[in-house]
file query_26.pdb (PDB, C-alpha atoms and all ligand atoms)
MODEL        1
ATOM      1  CA  MET K   1      -4.385   9.377 -15.348  1.00  0.00           C
ATOM      2  CA  ARG K   2      -2.678   9.421 -11.937  1.00  0.00           C
ATOM      3  CA  SER K   3      -3.754   6.720  -9.501  1.00  0.00           C
ATOM      4  CA  LEU K   4      -4.426   7.038  -5.818  1.00  0.00           C
ATOM      5  CA  VAL K   5      -4.384   3.888  -3.699  1.00  0.00           C
ATOM      6  CA  ILE K   6      -6.096   4.131  -0.312  1.00  0.00           C
ATOM      7  CA  LEU K   7      -5.292   1.737   2.544  1.00  0.00           C
ATOM      8  CA  ILE K   8      -7.887   1.123   5.254  1.00  0.00           C
ATOM      9  CA  SER K   9      -8.474  -1.205   8.203  1.00  0.00           C
ATOM     10  CA  GLY K  10     -12.002  -0.362   9.279  1.00  0.00           C
ATOM     11  CA  GLY K  11     -14.926   1.926   8.685  1.00  0.00           C
ATOM     12  CA  GLY K  12     -13.245   3.902   5.953  1.00  0.00           C
ATOM     13  CA  SER K  13     -15.076   7.160   6.514  1.00  0.00           C
ATOM     14  CA  ASN K  14     -11.981   9.140   5.496  1.00  0.00           C
ATOM     15  CA  MET K  15     -11.691   6.992   2.365  1.00  0.00           C
ATOM     16  CA  ALA K  16     -15.362   7.673   1.595  1.00  0.00           C
ATOM     17  CA  ALA K  17     -14.825  11.408   2.069  1.00  0.00           C
ATOM     18  CA  ILE K  18     -11.898  11.302  -0.372  1.00  0.00           C
ATOM     19  CA  VAL K  19     -13.903   9.294  -2.939  1.00  0.00           C
ATOM     20  CA  GLN K  20     -16.875  11.663  -2.649  1.00  0.00           C
ATOM     21  CA  THR K  21     -14.711  14.766  -2.926  1.00  0.00           C
ATOM     22  CA  ALA K  22     -12.902  13.325  -5.965  1.00  0.00           C
ATOM     23  CA  GLU K  23     -16.292  12.867  -7.637  1.00  0.00           C
ATOM     24  CA  ARG K  24     -17.754  16.195  -6.594  1.00  0.00           C
ATOM     25  CA  GLU K  25     -14.648  18.194  -7.489  1.00  0.00           C
ATOM     26  CA  ARG K  26     -14.033  16.224 -10.701  1.00  0.00           C
ATOM     27  CA  TRP K  27     -10.452  15.258  -9.878  1.00  0.00           C
ATOM     28  CA  ALA K  28     -10.274  13.119 -13.024  1.00  0.00           C
ATOM     29  CA  GLU K  29     -10.753  16.147 -15.270  1.00  0.00           C
ATOM     30  CA  ARG K  30      -9.193  18.821 -13.093  1.00  0.00           C
ATOM     31  CA  LEU K  31      -6.281  16.974 -11.497  1.00  0.00           C
ATOM     32  CA  ASN K  32      -5.858  13.998 -13.814  1.00  0.00           C
ATOM     33  CA  ALA K  33      -6.260  11.716 -10.796  1.00  0.00           C
ATOM     34  CA  ARG K  34      -8.607   9.020  -9.613  1.00  0.00           C
ATOM     35  CA  VAL K  35      -8.986   6.617  -6.711  1.00  0.00           C
ATOM     36  CA  ALA K  36      -7.783   3.430  -8.409  1.00  0.00           C
ATOM     37  CA  ALA K  37      -7.995   0.993  -5.507  1.00  0.00           C
ATOM     38  CA  VAL K  38      -8.846   0.517  -1.857  1.00  0.00           C
ATOM     39  CA  ILE K  39      -6.805  -2.119  -0.036  1.00  0.00           C
ATOM     40  CA  SER K  40      -7.495  -3.421   3.485  1.00  0.00           C
ATOM     41  CA  ASN K  41      -5.527  -5.653   5.842  1.00  0.00           C
ATOM     42  CA  LYS K  42      -8.878  -6.888   7.193  1.00  0.00           C
ATOM     43  CA  ALA K  43     -11.385  -8.774   5.041  1.00  0.00           C
ATOM     44  CA  ASP K  44     -14.298  -7.531   7.168  1.00  0.00           C
ATOM     45  CA  ALA K  45     -13.424  -3.811   6.948  1.00  0.00           C
ATOM     46  CA  SER K  46     -16.791  -2.205   6.261  1.00  0.00           C
ATOM     47  CA  GLY K  47     -15.129   0.426   4.115  1.00  0.00           C
ATOM     48  CA  LEU K  48     -14.495  -2.272   1.481  1.00  0.00           C
ATOM     49  CA  THR K  49     -18.220  -2.608   0.811  1.00  0.00           C
ATOM     50  CA  MET K  50     -18.543   1.132   0.412  1.00  0.00           C
ATOM     51  CA  ALA K  51     -15.605   1.202  -2.031  1.00  0.00           C
ATOM     52  CA  ARG K  52     -17.035  -1.672  -4.091  1.00  0.00           C
ATOM     53  CA  GLU K  53     -20.379   0.111  -4.260  1.00  0.00           C
ATOM     54  CA  ALA K  54     -18.548   3.151  -5.582  1.00  0.00           C
ATOM     55  CA  GLY K  55     -17.103   0.974  -8.354  1.00  0.00           C
ATOM     56  CA  ILE K  56     -13.545   1.024  -7.029  1.00  0.00           C
ATOM     57  CA  ALA K  57     -11.241  -2.018  -7.211  1.00  0.00           C
ATOM     58  CA  THR K  58     -10.740  -3.525  -3.764  1.00  0.00           C
ATOM     59  CA  SER K  59      -8.430  -6.156  -2.342  1.00  0.00           C
ATOM     60  CA  VAL K  60      -7.383  -7.614   0.980  1.00  0.00           C
ATOM     61  CA  VAL K  61      -3.863  -8.408   2.156  1.00  0.00           C
ATOM     62  CA  ASP K  62      -4.430 -10.064   5.531  1.00  0.00           C
ATOM     63  CA  HIS K  63      -1.512  -9.445   7.903  1.00  0.00           C
ATOM     64  CA  LYS K  64      -2.467 -12.554   9.898  1.00  0.00           C
ATOM     65  CA  ALA K  65      -1.616 -14.760   6.910  1.00  0.00           C
ATOM     66  CA  PHE K  66       2.064 -13.870   7.408  1.00  0.00           C
ATOM     67  CA  ALA K  67       2.249 -14.626  11.151  1.00  0.00           C
ATOM     68  CA  ASP K  68       4.241 -17.855  10.746  1.00  0.00           C
ATOM     69  CA  GLN K  69       6.893 -16.353   8.458  1.00  0.00           C
ATOM     70  CA  PRO K  70      10.385 -15.712   9.904  1.00  0.00           C
ATOM     71  CA  GLN K  71       9.889 -11.952   9.376  1.00  0.00           C
ATOM     72  CA  PRO K  72       6.118 -11.474   9.363  1.00  0.00           C
ATOM     73  CA  ARG K  73       6.132  -7.675   9.156  1.00  0.00           C
ATOM     74  CA  GLU K  74       8.556  -7.614   6.220  1.00  0.00           C
ATOM     75  CA  ALA K  75       6.640 -10.400   4.449  1.00  0.00           C
ATOM     76  CA  PHE K  76       3.314  -8.611   4.912  1.00  0.00           C
ATOM     77  CA  ASP K  77       4.729  -5.301   3.713  1.00  0.00           C
ATOM     78  CA  ALA K  78       6.283  -6.972   0.650  1.00  0.00           C
ATOM     79  CA  ALA K  79       2.918  -8.512  -0.287  1.00  0.00           C
ATOM     80  CA  LEU K  80       1.165  -5.212   0.352  1.00  0.00           C
ATOM     81  CA  MET K  81       3.679  -3.334  -1.802  1.00  0.00           C
ATOM     82  CA  SER K  82       3.205  -5.665  -4.742  1.00  0.00           C
ATOM     83  CA  GLU K  83      -0.581  -5.324  -4.460  1.00  0.00           C
ATOM     84  CA  ILE K  84      -0.304  -1.523  -4.299  1.00  0.00           C
ATOM     85  CA  ASP K  85       2.215  -1.322  -7.149  1.00  0.00           C
ATOM     86  CA  ARG K  86      -0.109  -3.114  -9.570  1.00  0.00           C
ATOM     87  CA  HIS K  87      -1.877   0.262  -9.688  1.00  0.00           C
ATOM     88  CA  ARG K  88       1.315   2.320 -10.227  1.00  0.00           C
ATOM     89  CA  PRO K  89       0.198   4.884  -7.652  1.00  0.00           C
ATOM     90  CA  ALA K  90       1.139   8.544  -7.762  1.00  0.00           C
ATOM     91  CA  LEU K  91       0.105   8.717  -4.111  1.00  0.00           C
ATOM     92  CA  VAL K  92      -0.584   6.123  -1.403  1.00  0.00           C
ATOM     93  CA  VAL K  93      -3.098   7.320   1.175  1.00  0.00           C
ATOM     94  CA  LEU K  94      -3.277   5.765   4.648  1.00  0.00           C
ATOM     95  CA  ALA K  95      -6.818   6.274   5.954  1.00  0.00           C
ATOM     96  CA  GLY K  96      -7.317   4.536   9.274  1.00  0.00           C
ATOM     97  CA  PHE K  97      -4.768   1.886   8.271  1.00  0.00           C
ATOM     98  CA  MET K  98      -3.862   0.391  11.629  1.00  0.00           C
ATOM     99  CA  ARG K  99      -0.504  -1.215  10.877  1.00  0.00           C
ATOM    100  CA  ILE K 100       2.989  -0.036  11.682  1.00  0.00           C
ATOM    101  CA  LEU K 101       4.904  -0.042   8.405  1.00  0.00           C
ATOM    102  CA  THR K 102       8.484  -1.221   7.952  1.00  0.00           C
ATOM    103  CA  PRO K 103      11.235   1.248   7.006  1.00  0.00           C
ATOM    104  CA  GLY K 104      11.508  -0.568   3.654  1.00  0.00           C
ATOM    105  CA  PHE K 105       7.859   0.155   2.872  1.00  0.00           C
ATOM    106  CA  VAL K 106       8.152   3.797   3.887  1.00  0.00           C
ATOM    107  CA  GLN K 107      11.336   4.166   1.805  1.00  0.00           C
ATOM    108  CA  HIS K 108       9.692   2.568  -1.242  1.00  0.00           C
ATOM    109  CA  TYR K 109       6.930   5.218  -1.215  1.00  0.00           C
ATOM    110  CA  ALA K 110       9.082   8.120  -0.015  1.00  0.00           C
ATOM    111  CA  GLY K 111       7.449  11.430  -0.941  1.00  0.00           C
ATOM    112  CA  ARG K 112       4.212   9.774  -2.075  1.00  0.00           C
ATOM    113  CA  LEU K 113       2.846   8.334   1.175  1.00  0.00           C
ATOM    114  CA  VAL K 114       0.493  10.347   3.402  1.00  0.00           C
ATOM    115  CA  ASN K 115      -1.435   9.653   6.597  1.00  0.00           C
ATOM    116  CA  ILE K 116      -4.071  11.274   8.776  1.00  0.00           C
ATOM    117  CA  HIS K 117      -3.713  11.198  12.529  1.00  0.00           C
ATOM    118  CA  PRO K 118      -6.404  12.278  15.016  1.00  0.00           C
ATOM    119  CA  SER K 119      -4.324  14.726  17.047  1.00  0.00           C
ATOM    120  CA  LEU K 120      -2.441  17.962  16.594  1.00  0.00           C
ATOM    121  CA  LEU K 121       0.945  16.392  15.888  1.00  0.00           C
ATOM    122  CA  PRO K 122       3.590  16.419  17.230  1.00  0.00           C
ATOM    123  CA  ALA K 123       1.316  16.064  20.296  1.00  0.00           C
ATOM    124  CA  PHE K 124      -0.077  12.588  20.957  1.00  0.00           C
ATOM    125  CA  PRO K 125       1.381  10.270  18.338  1.00  0.00           C
ATOM    126  CA  GLY K 126       0.158   6.670  18.673  1.00  0.00           C
ATOM    127  CA  LEU K 127      -3.173   5.401  19.936  1.00  0.00           C
ATOM    128  CA  GLN K 128      -5.920   6.761  22.227  1.00  0.00           C
ATOM    129  CA  THR K 129      -5.243  10.336  21.255  1.00  0.00           C
ATOM    130  CA  HIS K 130      -8.621  11.673  22.432  1.00  0.00           C
ATOM    131  CA  GLU K 131      -8.424  10.040  25.872  1.00  0.00           C
ATOM    132  CA  ARG K 132      -4.924  11.438  26.296  1.00  0.00           C
ATOM    133  CA  ALA K 133      -5.894  14.953  25.147  1.00  0.00           C
ATOM    134  CA  ILE K 134      -8.806  15.036  27.631  1.00  0.00           C
ATOM    135  CA  ALA K 135      -6.673  13.608  30.455  1.00  0.00           C
ATOM    136  CA  ALA K 136      -3.999  16.264  29.827  1.00  0.00           C
ATOM    137  CA  GLY K 137      -6.628  19.031  30.070  1.00  0.00           C
ATOM    138  CA  CYS K 138      -6.100  20.198  26.479  1.00  0.00           C
ATOM    139  CA  LYS K 139      -8.455  23.012  25.477  1.00  0.00           C
ATOM    140  CA  VAL K 140      -8.080  22.243  21.780  1.00  0.00           C
ATOM    141  CA  ALA K 141      -7.582  19.052  19.817  1.00  0.00           C
ATOM    142  CA  GLY K 142      -7.596  18.241  16.135  1.00  0.00           C
ATOM    143  CA  ALA K 143      -6.228  16.247  13.261  1.00  0.00           C
ATOM    144  CA  THR K 144      -3.093  16.268  11.144  1.00  0.00           C
ATOM    145  CA  VAL K 145      -2.368  15.176   7.576  1.00  0.00           C
ATOM    146  CA  HIS K 146       1.324  14.419   7.205  1.00  0.00           C
ATOM    147  CA  HIS K 147       3.916  12.777   5.002  1.00  0.00           C
ATOM    148  CA  VAL K 148       4.864   9.378   6.355  1.00  0.00           C
ATOM    149  CA  THR K 149       8.453   8.904   7.469  1.00  0.00           C
ATOM    150  CA  ALA K 150      10.111   6.001   9.259  1.00  0.00           C
ATOM    151  CA  GLU K 151       9.113   7.375  12.680  1.00  0.00           C
ATOM    152  CA  LEU K 152       5.478   6.665  13.631  1.00  0.00           C
ATOM    153  CA  ASP K 153       3.127   9.673  13.288  1.00  0.00           C
ATOM    154  CA  HIS K 154       5.945  12.057  12.422  1.00  0.00           C
ATOM    155  CA  GLY K 155       6.874  13.608   9.096  1.00  0.00           C
ATOM    156  CA  PRO K 156       6.251  16.982   7.478  1.00  0.00           C
ATOM    157  CA  ILE K 157       2.759  18.349   8.078  1.00  0.00           C
ATOM    158  CA  LEU K 158       0.502  19.028   5.093  1.00  0.00           C
ATOM    159  CA  ALA K 159      -2.664  20.186   6.885  1.00  0.00           C
ATOM    160  CA  GLN K 160      -4.200  20.522  10.334  1.00  0.00           C
ATOM    161  CA  ALA K 161      -7.607  21.323  11.767  1.00  0.00           C
ATOM    162  CA  VAL K 162      -8.312  22.488  15.302  1.00  0.00           C
ATOM    163  CA  VAL K 163     -11.470  21.814  17.327  1.00  0.00           C
ATOM    164  CA  PRO K 164     -12.338  22.849  20.885  1.00  0.00           C
ATOM    165  CA  VAL K 165     -12.303  20.335  23.721  1.00  0.00           C
ATOM    166  CA  LEU K 166     -15.560  20.975  25.608  1.00  0.00           C
ATOM    167  CA  PRO K 167     -15.881  20.544  29.385  1.00  0.00           C
ATOM    168  CA  ASP K 168     -18.191  17.518  29.173  1.00  0.00           C
ATOM    169  CA  ASP K 169     -16.401  15.805  26.288  1.00  0.00           C
ATOM    170  CA  THR K 170     -15.803  12.070  26.303  1.00  0.00           C
ATOM    171  CA  ALA K 171     -13.280  10.405  24.005  1.00  0.00           C
ATOM    172  CA  GLN K 172     -16.238   9.529  21.754  1.00  0.00           C
ATOM    173  CA  THR K 173     -17.714  13.018  21.477  1.00  0.00           C
ATOM    174  CA  LEU K 174     -14.271  14.500  20.874  1.00  0.00           C
ATOM    175  CA  ALA K 175     -13.437  11.789  18.317  1.00  0.00           C
ATOM    176  CA  SER K 176     -16.548  12.539  16.313  1.00  0.00           C
ATOM    177  CA  ARG K 177     -15.872  16.298  16.331  1.00  0.00           C
ATOM    178  CA  VAL K 178     -12.313  15.622  15.138  1.00  0.00           C
ATOM    179  CA  LEU K 179     -13.442  13.053  12.551  1.00  0.00           C
ATOM    180  CA  SER K 180     -15.766  15.500  10.834  1.00  0.00           C
ATOM    181  CA  GLN K 181     -12.760  17.804  10.389  1.00  0.00           C
ATOM    182  CA  GLU K 182     -10.659  14.882   9.106  1.00  0.00           C
ATOM    183  CA  HIS K 183     -13.245  14.417   6.362  1.00  0.00           C
ATOM    184  CA  ARG K 184     -12.722  18.033   5.335  1.00  0.00           C
ATOM    185  CA  ILE K 185      -8.926  18.401   5.507  1.00  0.00           C
ATOM    186  CA  TYR K 186      -7.832  15.025   4.116  1.00  0.00           C
ATOM    187  CA  PRO K 187      -9.426  15.411   0.661  1.00  0.00           C
ATOM    188  CA  GLN K 188      -8.332  19.055   0.619  1.00  0.00           C
ATOM    189  CA  ALA K 189      -4.696  18.170   1.428  1.00  0.00           C
ATOM    190  CA  ILE K 190      -4.646  15.438  -1.244  1.00  0.00           C
ATOM    191  CA  ALA K 191      -6.091  17.806  -3.850  1.00  0.00           C
ATOM    192  CA  ALA K 192      -3.440  20.391  -2.941  1.00  0.00           C
ATOM    193  CA  TRP K 193      -0.699  17.742  -3.216  1.00  0.00           C
ATOM    194  CA  LEU K 194      -1.999  16.687  -6.653  1.00  0.00           C
ATOM    195  CA  HIS K 195      -2.391  20.281  -7.785  1.00  0.00           C
ATOM    196  CA  ALA K 196       1.189  21.146  -6.815  1.00  0.00           C
ATOM    197  CA  ARG K 197       2.468  18.246  -8.930  1.00  0.00           C
ATOM    198  CA  ALA K 198       0.055  18.541 -11.875  1.00  0.00           C
TER
HETATM  199  C1  LIG J   1      -9.522   8.258  12.024  1.00  0.00           C
HETATM  200  O1  LIG J   1      -9.734   9.003  13.202  1.00  0.00           O
HETATM  201  C2  LIG J   1      -8.074   8.302  11.652  1.00  0.00           C
HETATM  202  O2  LIG J   1      -7.479   9.535  11.882  1.00  0.00           O
HETATM  203  C3  LIG J   1      -7.524   7.273  12.604  1.00  0.00           C
HETATM  204  O3  LIG J   1      -8.472   6.228  12.593  1.00  0.00           O
HETATM  205  C4  LIG J   1      -9.754   6.767  12.264  1.00  0.00           C
HETATM  206  C5  LIG J   1     -10.205   6.046  11.026  1.00  0.00           C
HETATM  207  O4  LIG J   1     -11.512   6.344  10.683  1.00  0.00           O
HETATM  208  N1  LIG J   1      -6.187   6.886  12.274  1.00  0.00           N
HETATM  209  P1  LIG J   1     -12.091   5.870   9.271  1.00  0.00           P
HETATM  210  O5  LIG J   1     -11.730   4.400   9.062  1.00  0.00           O
HETATM  211  O6  LIG J   1     -11.516   6.750   8.204  1.00  0.00           O
HETATM  212  O7  LIG J   1     -13.582   6.024   9.423  1.00  0.00           O
ENDMDL
END

call {"tool": "encode", "arguments": {"input": "query_26.pdb", "output": "structure tokens", "more": "lines below"}}
Ligand code: GRF
result
Amino acid sequence: MRSLVILISGGGSNMAAIVQTAERERWAERLNARVAAVISNKADASGLTMAREAGIATSVVDHKAFADQPQPREAFDAALMSEIDRHRPALVVLAGFMRILTPGFVQHYAGRLVNIHPSLLPAFPGLQTHERAIAAGCKVAGATVHHVTAELDHGPILAQAVVPVLPDDTAQTLASRVLSQEHRIYPQAIAAWLHARA
């Protein structure tokens, strides 16, 4: 059975959508894959509770615990990698994981590390994508599932969804319209990735 490991930092609604789709679409039988673990860099990430309730192994690797190390980012990523690798993942899924990863981490999971970003990449990498899309006068916005490469929010695109930007949109209303599309395309893109490598 192939393992998926999902990394989160917060609410974990994308993680929940992936877990629910895996159940509904019987990924275990059809794709020989299951969500083996959910790992957070924050102990209070509410998505952890949801994952536990779904019977999935959870763990926390707190980035703050590495702050006094000479190379905190490298030390955190090394600890995170060893936690992830206990599950021998076929695919590592970043789902609202709010940490910039070191090149060593990205290299270690090359070709089996994916992310979702709430914009139509290559437009608006980084944070506050919805504010920036509205400020620029964009008429459409969306979300992108992509392979992770060393450059933040770049890498080959696996899936995108487009939504309209409405005249009275705020960052919040646009974010929620985009998020509902994220919940659709992320599980779909993962299933397609698994299917192509079955
Ligand atoms: C999503 O919009 C994701 O694209 C972004 O952060 C948000 C995470 O939401 N990187 P959730 O934790 O999956 O609910």

call {"tool": "residues_around", "arguments": {"input": "query_26.pdb", "residues": "segment 10-12 of chain K", "least_positions_apart": "6", "cutoff": "10 Å", "atoms": "all atoms listed in the file", "output": "list of chain:residue names"}}
result
K:Ile18, K:Val38, K:Ser40, K:Asn41, K:Lys42, K:Ala43, K:Asp44, K:Ala45, K:Ser46, K:Gly47, K:Leu48, K:Thr49, K:Met50, K:Ala51, K:Ala95, K:Gly96, K:Phe97, K:Met98

call {"tool": "residues_around", "arguments": {"input": "query_26.pdb", "residues": "Val5 of chain K", "least_positions_apart": "6", "cutoff": "6 Å", "atoms": "only C-alpha atoms", "output": "PyMOL selection string"}}
result
chain K and resi 36-38+92

call {"tool": "resolve_selection", "arguments": {"input": "query_26.pdb", "expression": "the PyMOL selection byres (((chain K and resi 137) around 12) and not hetatm)", "output": "PyMOL selection string"}}
result
chain K and resi 130-136+138-141+164-169

call {"tool": "closest_residue", "arguments": {"input": "query_26.pdb", "among": "K:Val35, K:Ala16, K:Val61, K:Val162", "to": "ligand LIG 1 (chain J)", "atoms": "only C-alpha atoms and all ligand atoms"}}
result
K:Ala16

call {"tool": "closest_residue", "arguments": {"input": "query_26.pdb", "among": "K:Glu151, K:Ile116, K:Ala123, K:Ala17", "to": "ligand LIG 1 (chain J)", "atoms": "only C-alpha atoms and all ligand atoms"}}
result
K:Ile116

call {"tool": "resolve_selection", "arguments": {"input": "query_26.pdb", "expression": "the PyMOL selection byres (((chain K and resi 147) around 9) and not hetatm)", "output": "list in words"}}
result
Ala110, Gly111, Arg112, Leu113, Val114, Asn115, Ile116, Val145, His146, Val148, Thr149, Asp153, His154, Gly155, Pro156, Ile157 and Leu158 of chain K

call {"tool": "residues_around", "arguments": {"input": "query_26.pdb", "residues": "Ala90 of chain K", "least_positions_apart": "4", "cutoff": "8 Å", "atoms": "all atoms listed in the file", "output": "NGL selection string"}}
result
:K and (2-4 or 112)

call {"tool": "write_last_selection", "arguments": {"input": "query_26.pdb", "atoms": "C-alpha atoms", "output": "PDB file, in the frame of the given file"}}
result
ATOM      1  CA  ARG K   2      -2.678   9.421 -11.937  1.00  0.00           C
ATOM      2  CA  SER K   3      -3.754   6.720  -9.501  1.00  0.00           C
ATOM      3  CA  LEU K   4      -4.426   7.038  -5.818  1.00  0.00           C
ATOM      4  CA  ARG K 112       4.212   9.774  -2.075  1.00  0.00           C
TER       5      ARG K 112
END

call {"tool": "residues_around", "arguments": {"input": "query_26.pdb", "residues": "Arg30 of chain K", "least_positions_apart": "6", "cutoff": "10 Å", "atoms": "all atoms listed in the file", "output": "PyMOL selection string"}}
result
chain K and resi 22+191+194-195+198

call {"tool": "write_last_selection", "arguments": {"input": "query_26.pdb", "atoms": "C-alpha atoms", "output": "short mmCIF file (atom, residue, chain, number, x, y, z; two decimals), in the frame of the given file"}}
result
data_model
loop_
_atom_site.label_atom_id
_atom_site.label_comp_id
_atom_site.auth_asym_id
_atom_site.auth_seq_id
_atom_site.Cartn_x
_atom_site.Cartn_y
_atom_site.Cartn_z
CA ALA K 22 -12.90 13.32 -5.96
CA ALA K 191 -6.09 17.81 -3.85
CA LEU K 194 -2.00 16.69 -6.65
CA HIS K 195 -2.39 20.28 -7.78
CA ALA K 198 0.06 18.54 -11.88
#

call {"tool": "atom_distance", "arguments": {"input": "query_26.pdb", "atom1": "atom CA of Pro72 of chain K", "atom2": "atom CA of Pro118 of chain K"}}
result
27.4 Å

call {"tool": "residues_around", "arguments": {"input": "query_26.pdb", "residues": "Arg177 of chain K", "least_positions_apart": "3", "cutoff": "9 Å", "atoms": "only C-alpha atoms", "output": "list in words"}}
result
Gly142, Val163, Pro164, Gln172, Thr173, Leu174, Ser180 and Gln181 of chain K

call {"tool": "axis_aligned_box", "arguments": {"input": "query_26.pdb", "around": "ligand LIG 1 (chain J)", "padding_each_side": "5 Å", "output": "lines of an AutoDock Vina configuration file"}}
result
center_x = -9.9
center_y = 7.0
center_z = 10.7
size_x = 17.4
size_y = 15.1
size_z = 15.0

call {"tool": "closest_residue", "arguments": {"input": "query_26.pdb", "among": "K:Ile185, K:Leu80, K:Ala67, K:Ile8", "to": "ligand LIG 1 (chain J)", "atoms": "all atoms listed in the file"}}
result
K:Ile8

call {"tool": "closest_residue", "arguments": {"input": "query_26.pdb", "among": "K:Leu120, K:Ile6, K:Ala161, K:Met15", "to": "ligand LIG 1 (chain J)", "atoms": "all atoms listed in the file"}}
result
K:Met15

call {"tool": "atom_distance", "arguments": {"input": "query_26.pdb", "atom1": "atom CA of Lys64 of chain K", "atom2": "atom CA of Ser9 of chain K"}}
result
13.0 Å

call {"tool": "closest_residue", "arguments": {"input": "query_26.pdb", "among": "K:Ser59, K:Leu7, K:Ala78, K:Ser13", "to": "ligand LIG 1 (chain J)", "atoms": "all atoms listed in the file"}}
result
K:Ser13

call {"tool": "decode", "arguments": {"input": "query_26.pdb", "residues": "segment 136-147 of chain K", "atoms": "N, CA, C and O atoms", "output": "PDB file, in the first residue's frame"}}
result
ATOM      1  N   ALA K 136      -4.926  44.438  -7.833  1.00  0.00           N
ATOM      2  CA  ALA K 136      -4.462  44.536  -9.221  1.00  0.00           C
ATOM      3  C   ALA K 136      -5.623  44.664 -10.203  1.00  0.00           C
ATOM      4  O   ALA K 136      -5.415  44.909 -11.393  1.00  0.00           O
ATOM      5  N   GLY K 137      -6.864  44.472  -9.713  1.00  0.00           N
ATOM      6  CA  GLY K 137      -8.029  44.544 -10.604  1.00  0.00           C
ATOM      7  C   GLY K 137      -8.245  43.274 -11.410  1.00  0.00           C
ATOM      8  O   GLY K 137      -8.917  43.289 -12.448  1.00  0.00           O
ATOM      9  N   CYS K 138      -7.706  42.155 -10.935  1.00  0.00           N
ATOM     10  CA  CYS K 138      -7.900  40.882 -11.656  1.00  0.00           C
ATOM     11  C   CYS K 138      -9.384  40.569 -11.781  1.00  0.00           C
ATOM     12  O   CYS K 138     -10.148  40.789 -10.837  1.00  0.00           O
ATOM     13  N   LYS K 139      -9.789  40.053 -12.904  1.00  0.00           N
ATOM     14  CA  LYS K 139     -11.188  39.647 -13.119  1.00  0.00           C
ATOM     15  C   LYS K 139     -11.398  38.175 -12.802  1.00  0.00           C
ATOM     16  O   LYS K 139     -12.525  37.719 -12.638  1.00  0.00           O
ATOM     17  N   VAL K 140     -10.301  37.423 -12.782  1.00  0.00           N
ATOM     18  CA  VAL K 140     -10.367  36.023 -12.353  1.00  0.00           C
ATOM     19  C   VAL K 140      -9.248  35.756 -11.361  1.00  0.00           C
ATOM     20  O   VAL K 140      -8.234  36.453 -11.331  1.00  0.00           O
ATOM     21  N   ALA K 141      -9.488  34.770 -10.520  1.00  0.00           N
ATOM     22  CA  ALA K 141      -8.473  34.309  -9.567  1.00  0.00           C
ATOM     23  C   ALA K 141      -8.569  32.791  -9.561  1.00  0.00           C
ATOM     24  O   ALA K 141      -9.273  32.199 -10.389  1.00  0.00           O
ATOM     25  N   GLY K 142      -7.891  32.152  -8.611  1.00  0.00           N
ATOM     26  CA  GLY K 142      -7.988  30.698  -8.598  1.00  0.00           C
ATOM     27  C   GLY K 142      -6.949  30.046  -7.728  1.00  0.00           C
ATOM     28  O   GLY K 142      -6.390  30.674  -6.829  1.00  0.00           O
ATOM     29  N   ALA K 143      -6.709  28.785  -8.005  1.00  0.00           N
ATOM     30  CA  ALA K 143      -5.782  27.995  -7.206  1.00  0.00           C
ATOM     31  C   ALA K 143      -4.973  27.093  -8.124  1.00  0.00           C
ATOM     32  O   ALA K 143      -5.426  26.750  -9.229  1.00  0.00           O
ATOM     33  N   THR K 144      -3.796  26.721  -7.638  1.00  0.00           N
ATOM     34  CA  THR K 144      -2.871  25.915  -8.435  1.00  0.00           C
ATOM     35  C   THR K 144      -2.296  24.786  -7.594  1.00  0.00           C
ATOM     36  O   THR K 144      -1.806  25.023  -6.495  1.00  0.00           O
ATOM     37  N   VAL K 145      -2.333  23.568  -8.123  1.00  0.00           N
ATOM     38  CA  VAL K 145      -1.602  22.446  -7.537  1.00  0.00           C
ATOM     39  C   VAL K 145      -0.332  22.281  -8.355  1.00  0.00           C
ATOM     40  O   VAL K 145      -0.397  22.237  -9.594  1.00  0.00           O
ATOM     41  N   HIS K 146       0.803  22.242  -7.671  1.00  0.00           N
ATOM     42  CA  HIS K 146       2.071  22.172  -8.414  1.00  0.00           C
ATOM     43  C   HIS K 146       3.097  21.304  -7.698  1.00  0.00           C
ATOM     44  O   HIS K 146       3.029  21.129  -6.477  1.00  0.00           O
ATOM     45  N   HIS K 147       4.038  20.793  -8.485  1.00  0.00           N
ATOM     46  CA  HIS K 147       5.204  20.125  -7.906  1.00  0.00           C
ATOM     47  C   HIS K 147       6.026  21.178  -7.187  1.00  0.00           C
ATOM     48  O   HIS K 147       6.129  22.315  -7.659  1.00  0.00           O
TER      49      HIS K 147
END
